[in-house]
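Trainee: Structure: target29.cif, mmCIF, C-alpha atoms.
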```
data_my_file
loop_
_atom_site.group_PDB
_atom_site.id
_atom_site.type_symbol
_atom_site.label_atom_id
_atom_site.label_comp_id
_atom_site.auth_asym_id
_atom_site.auth_seq_id
_atom_site.Cartn_x
_atom_site.Cartn_y
_atom_site.Cartn_z
ATOM 1 C CA MET A 1 14.787 149.004 86.368
ATOM 2 C CA SER A 2 11.251 148.770 87.626
ATOM 3 C CA HIS A 3 10.326 146.697 90.645
ATOM 4 C CA GLN A 4 8.002 144.505 88.526
ATOM 5 C CA ARG A 5 10.733 143.845 85.937
ATOM 6 C CA THR A 6 13.149 142.859 88.707
ATOM 7 C CA GLU A 7 10.565 140.503 90.197
ATOM 8 C CA ASP A 8 9.917 138.952 86.781
ATOM 9 C CA MET A 9 13.628 138.384 86.228
ATOM 10 C CA LEU A 10 14.059 136.851 89.666
ATOM 11 C CA ARG A 11 11.152 134.496 88.973
ATOM 12 C CA VAL A 12 12.844 133.337 85.750
ATOM 13 C CA VAL A 13 16.111 132.715 87.624
ATOM 14 C CA ALA A 14 14.317 130.805 90.380
ATOM 15 C CA ASP A 15 12.455 128.681 87.811
ATOM 16 C CA SER A 16 15.744 127.935 86.042
ATOM 17 C CA PHE A 17 17.401 126.772 89.247
ATOM 18 C CA GLN A 18 14.380 124.641 90.078
ATOM 19 C CA TYR A 19 14.601 123.007 86.638
ATOM 20 C CA ILE A 20 18.333 122.387 87.045
ATOM 21 C CA THR A 21 17.709 120.334 90.184
ATOM 22 C CA THR A 22 15.609 117.905 88.132
ATOM 23 C CA LEU A 23 18.672 117.202 85.973
ATOM 24 C CA ALA A 24 20.766 115.846 88.859
ATOM 25 C CA PRO A 25 20.199 112.160 87.984
ATOM 26 C CA LEU A 26 21.289 112.772 84.379
ATOM 27 C CA VAL A 27 24.382 114.669 85.491
ATOM 28 C CA ASP A 28 25.244 111.815 87.843
ATOM 29 C CA GLU A 29 24.790 109.294 85.018
ATOM 30 C CA ALA A 30 27.062 111.341 82.721
ATOM 31 C CA ALA A 31 29.759 111.691 85.384
ATOM 32 C CA THR A 32 29.613 107.971 86.142
ATOM 33 C CA LEU A 33 30.030 107.177 82.434
ATOM 34 C CA ILE A 34 33.092 109.432 82.145
ATOM 35 C CA VAL A 35 34.688 107.882 85.240
ATOM 36 C CA LYS A 36 33.952 104.352 83.994
ATOM 37 C CA ARG A 37 35.497 105.065 80.589
ATOM 38 C CA MET A 38 38.589 106.685 82.115
ATOM 39 C CA ARG A 39 39.110 103.802 84.565
ATOM 40 C CA ALA A 40 39.035 101.453 81.562
ATOM 41 C CA GLY A 41 41.744 103.483 79.802
ATOM 42 C CA GLY A 42 39.590 105.844 77.748
ATOM 43 C CA LYS A 43 39.682 109.606 77.566
ATOM 44 C CA ALA A 44 37.147 112.412 77.496
ATOM 45 C CA LEU A 45 36.894 114.498 74.332
ATOM 46 C CA PHE A 46 34.929 117.755 74.241
ATOM 47 C CA CYS A 47 33.571 119.898 71.403
ATOM 48 C CA GLY A 48 31.408 122.976 71.012
ATOM 49 C CA ASN A 49 31.014 126.223 69.065
ATOM 50 C CA GLY A 50 31.390 129.779 70.355
ATOM 51 C CA GLY A 51 30.744 129.953 74.095
ATOM 52 C CA SER A 52 30.346 126.178 74.115
ATOM 53 C CA ALA A 53 33.879 125.921 72.700
ATOM 54 C CA ALA A 54 35.107 127.900 75.687
ATOM 55 C CA ASP A 55 33.155 125.578 77.997
ATOM 56 C CA ALA A 56 34.653 122.535 76.238
ATOM 57 C CA GLN A 57 38.160 123.894 76.754
ATOM 58 C CA HIS A 58 37.447 124.701 80.399
ATOM 59 C CA LEU A 59 36.079 121.239 81.161
ATOM 60 C CA ALA A 60 39.022 119.495 79.492
ATOM 61 C CA SER A 61 41.515 121.708 81.309
ATOM 62 C CA GLU A 62 39.910 120.980 84.692
ATOM 63 C CA LEU A 63 40.363 117.255 84.106
ATOM 64 C CA LEU A 64 43.978 117.741 83.021
ATOM 65 C CA GLY A 65 44.590 120.181 85.854
ATOM 66 C CA ARG A 66 43.541 119.751 89.427
ATOM 67 C CA PHE A 67 39.942 121.029 89.829
ATOM 68 C CA ASN A 68 39.207 120.578 93.574
ATOM 69 C CA LEU A 69 42.182 118.522 94.689
ATOM 70 C CA ILE A 70 45.742 117.760 93.736
ATOM 71 C CA ARG A 71 45.764 114.530 91.748
ATOM 72 C CA ASP A 72 47.251 113.003 88.633
ATOM 73 C CA PRO A 73 46.009 114.531 85.387
ATOM 74 C CA LEU A 74 43.066 112.819 83.734
ATOM 75 C CA PRO A 75 43.040 112.169 79.976
ATOM 76 C CA ALA A 76 40.952 114.883 78.342
ATOM 77 C CA LEU A 77 41.076 116.870 75.120
ATOM 78 C CA ALA A 78 39.057 119.740 73.671
ATOM 79 C CA LEU A 79 38.642 119.437 69.903
ATOM 80 C CA THR A 80 38.221 123.217 69.825
ATOM 81 C CA VAL A 81 41.781 124.292 70.594
ATOM 82 C CA ASP A 82 43.857 123.405 67.534
ATOM 83 C CA THR A 83 43.271 126.397 65.262
ATOM 84 C CA SER A 84 45.475 124.959 62.526
ATOM 85 C CA ALA A 85 43.406 121.768 62.415
ATOM 86 C CA LEU A 86 40.123 123.681 62.619
ATOM 87 C CA THR A 87 40.973 126.039 59.778
ATOM 88 C CA ALA A 88 42.604 123.395 57.557
ATOM 89 C CA ILE A 89 39.692 120.991 57.945
ATOM 90 C CA ALA A 90 37.141 123.765 57.414
ATOM 91 C CA ASN A 91 39.008 124.920 54.314
ATOM 92 C CA ASP A 92 39.456 121.439 52.816
ATOM 93 C CA PHE A 93 36.236 119.708 53.898
ATOM 94 C CA GLY A 94 33.855 122.362 55.240
ATOM 95 C CA TYR A 95 33.069 123.555 58.738
ATOM 96 C CA ALA A 96 30.544 120.759 59.254
ATOM 97 C CA GLU A 97 33.456 118.294 59.497
ATOM 98 C CA VAL A 98 35.851 120.147 61.825
ATOM 99 C CA PHE A 99 35.074 118.012 64.866
ATOM 100 C CA GLN A 100 34.238 114.659 63.314
ATOM 101 C CA ARG A 101 37.478 114.579 61.356
ATOM 102 C CA GLN A 102 39.511 115.279 64.499
ATOM 103 C CA LEU A 103 37.504 112.662 66.371
ATOM 104 C CA ARG A 104 38.262 110.064 63.716
ATOM 105 C CA GLY A 105 41.978 110.766 64.124
ATOM 106 C CA LEU A 106 42.148 111.129 67.908
ATOM 107 C CA GLY A 107 39.227 109.150 69.331
ATOM 108 C CA ARG A 108 39.170 105.457 70.108
ATOM 109 C CA ARG A 109 36.545 102.903 71.108
ATOM 110 C CA GLY A 110 36.162 103.246 74.868
ATOM 111 C CA ASP A 111 36.471 107.051 74.923
ATOM 112 C CA VAL A 112 33.606 109.411 75.721
ATOM 113 C CA LEU A 113 32.618 112.500 73.725
ATOM 114 C CA VAL A 114 30.974 115.420 75.505
ATOM 115 C CA ALA A 115 29.311 117.640 72.913
ATOM 116 C CA LEU A 116 28.104 121.095 73.944
ATOM 117 C CA SER A 117 25.601 123.058 71.866
ATOM 118 C CA THR A 118 23.387 125.916 72.988
ATOM 119 C CA SER A 119 20.957 125.315 70.120
ATOM 120 C CA GLY A 120 21.257 121.538 70.121
ATOM 121 C CA ASN A 121 21.249 121.429 66.335
ATOM 122 C CA SER A 122 24.698 122.560 65.152
ATOM 123 C CA ASP A 123 25.552 120.462 62.110
ATOM 124 C CA ASN A 124 29.204 119.979 63.057
ATOM 125 C CA ILE A 125 28.226 118.827 66.554
ATOM 126 C CA LEU A 126 25.562 116.419 65.290
ATOM 127 C CA ARG A 127 27.986 114.932 62.754
ATOM 128 C CA CYS A 128 30.601 114.476 65.461
ATOM 129 C CA LEU A 129 28.074 112.674 67.670
ATOM 130 C CA GLU A 130 27.136 110.349 64.787
ATOM 131 C CA THR A 131 30.794 109.594 64.112
ATOM 132 C CA ALA A 132 31.379 108.883 67.801
ATOM 133 C CA ARG A 133 28.541 106.378 67.895
ATOM 134 C CA ASP A 134 29.863 104.676 64.744
ATOM 135 C CA MET A 135 33.304 104.401 66.401
ATOM 136 C CA GLY A 136 32.029 102.941 69.693
ATOM 137 C CA ILE A 137 32.657 106.162 71.571
ATOM 138 C CA ALA A 138 30.072 106.929 74.255
ATOM 139 C CA THR A 139 28.327 110.292 73.877
ATOM 140 C CA ILE A 140 27.014 112.930 76.246
ATOM 141 C CA GLY A 141 25.170 115.972 74.932
ATOM 142 C CA LEU A 142 24.810 119.229 76.837
ATOM 143 C CA THR A 143 22.362 121.582 75.166
ATOM 144 C CA GLY A 144 20.822 124.922 76.072
#
```
Written as structure tokens, that's how I'd like the structure from this file.

Mentor:
Amino acid sequence: MSHQRTEDMLRVVADSFQYITTLAPLVDEAATLIVKRMRAGGKALFCGNGGSAADAQHLASELLGRFNLIRDPLPALALTVDTSALTAIANDFGYAEVFQRQLRGLGRRGDVLVALSTSGNSDNILRCLETARDMGIATIGLTG
């Protein structure tokens, strides 16, 4: 790899990290919302496609597990993990409904939905967010 190409790539990485620091207040707001909802008896639900599905599963498992310290498990669920539900819903209703249908069955007013989407315009994610709002479920979107 040429020296100039390496420098260009490093500049992109540095710019990305600089941009990320501007998001700190939004991340804090999202974390505060999740904590508030959980303290009031709600749970965190996560959804995403592809790599975002893996991220959704990881985030839910960290809340159920221990993350940085040993503590009681926190109520969290990834809507991406039940392959039987995903395939049955996709077969019967279409892939656009795989998350919103699960949310309608598992979510409750007072919960929080964290929706991950690299593109920010996945139909099944957008429909799930709309359903969450209709149900009184707070929403957090993480997009690429």

Trainee: Looking at all atoms listed in the file, which of A:Ala53, A:Arg104, A:Phe46, A:Ser117 is the one that sits closest to Leu77 (chain A)?

Mentor: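 Once distances to Leu77 (chain A) are computed over all atoms listed in the file, the minimum belongs to A:Phe46.
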
Trainee: Nearest to Ala78 (chain A): which of A:Asp8, A:Asp55, A:Asp123, A:Asp92 is it, counting all atoms listed in the file?

Mentor: A:Asp55

Trainee: Could you tell me, as a PyMOL selection string, exactly which residues end up selected when the PyMOL selection byres ((chain A and resi 24-32) around 12) is applied to this structure?

Mentor: chain A and resi 17-23+33-39+44+112-115+138-142

Trainee: Please write the residues picked by the PyMOL selection byres ((chain A and resi 107) around 10) on this file as a PDB file with C-alpha atoms, in the frame of the given file.

Mentor:
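And here is the file that came out, selection33.pdb:
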```
ATOM      1  CA  GLY A  42      39.590 105.844  77.748  1.00  0.00           C
ATOM      2  CA  LYS A  43      39.682 109.606  77.566  1.00  0.00           C
ATOM      3  CA  ALA A  44      37.147 112.412  77.496  1.00  0.00           C
ATOM      4  CA  LEU A  45      36.894 114.498  74.332  1.00  0.00           C
ATOM      5  CA  LEU A  77      41.076 116.870  75.120  1.00  0.00           C
ATOM      6  CA  GLN A 100      34.238 114.659  63.314  1.00  0.00           C
ATOM      7  CA  ARG A 101      37.478 114.579  61.356  1.00  0.00           C
ATOM      8  CA  GLN A 102      39.511 115.279  64.499  1.00  0.00           C
ATOM      9  CA  LEU A 103      37.504 112.662  66.371  1.00  0.00           C
ATOM     10  CA  ARG A 104      38.262 110.064  63.716  1.00  0.00           C
ATOM     11  CA  GLY A 105      41.978 110.766  64.124  1.00  0.00           C
ATOM     12  CA  LEU A 106      42.148 111.129  67.908  1.00  0.00           C
ATOM     13  CA  ARG A 108      39.170 105.457  70.108  1.00  0.00           C
ATOM     14  CA  ARG A 109      36.545 102.903  71.108  1.00  0.00           C
ATOM     15  CA  GLY A 110      36.162 103.246  74.868  1.00  0.00           C
ATOM     16  CA  ASP A 111      36.471 107.051  74.923  1.00  0.00           C
ATOM     17  CA  VAL A 112      33.606 109.411  75.721  1.00  0.00           C
ATOM     18  CA  LEU A 113      32.618 112.500  73.725  1.00  0.00           C
ATOM     19  CA  THR A 131      30.794 109.594  64.112  1.00  0.00           C
ATOM     20  CA  ALA A 132      31.379 108.883  67.801  1.00  0.00           C
ATOM     21  CA  MET A 135      33.304 104.401  66.401  1.00  0.00           C
ATOM     22  CA  GLY A 136      32.029 102.941  69.693  1.00  0.00           C
ATOM     23  CA  ILE A 137      32.657 106.162  71.571  1.00  0.00           C
TER      24      ILE A 137
END
```

Trainee: Provide the CA of Arg71 (chain A) to CA of Ala56 (chain A) distance in Å, to one decimal place.

Mentor: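 CA of Arg71 (chain A) sits 20.7 Å away from CA of Ala56 (chain A).
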
Trainee: Between A:Asn91, A:Ser16, A:Gln57, A:Ser52, which residue has the minimum interatomic distance to Thr118 (chain A), considering all atoms listed in the file?

Mentor: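 Of A:Asn91, A:Ser16, A:Gln57, A:Ser52, the one nearest Thr118 (chain A), counting all atoms listed in the file, is A:Ser52.
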
Trainee: Quick one: axis-aligned box around all listed atoms of region 2-5 of chain A, 5 Å on every side, centre and edge lengths in Å to one decimal, written as AutoDock Vina command-line options.

Mentor:
```
--center_x 9.6 --center_y 146.3 --center_z 88.3 --size_x 13.2 --size_y 14.9 --size_z 14.7
```

Trainee: If the PyMOL selection byres ((chain A and resi 97) around 10) were run on this exact file, what residues would it hold? Put them as a list in words.

Mentor: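 Selected by the PyMOL selection byres ((chain A and resi 97) around 10) in this file: Leu86, Ile89, Ala90, Asp92, Phe93, Gly94, Tyr95, Ala96, Val98, Phe99, Gln100, Arg101, Gln102, Leu103, Asp123, Asn124, Ile125, Leu126, Arg127 and Cys128 of chain A.
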
Trainee: Quick one: pull the distance between CA of Ser122 (chain A) and CA of Thr87 (chain A), Å, one decimal.

Mentor: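 CA of Thr87 (chain A) lies at a distance of 17.5 Å from CA of Ser122 (chain A).
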
Trainee: Would you compute the distance between CA of Leu59 (chain A) and CA of Asp82 (chain A)? Give it in Å to one decimal.

Mentor: 15.8 Å
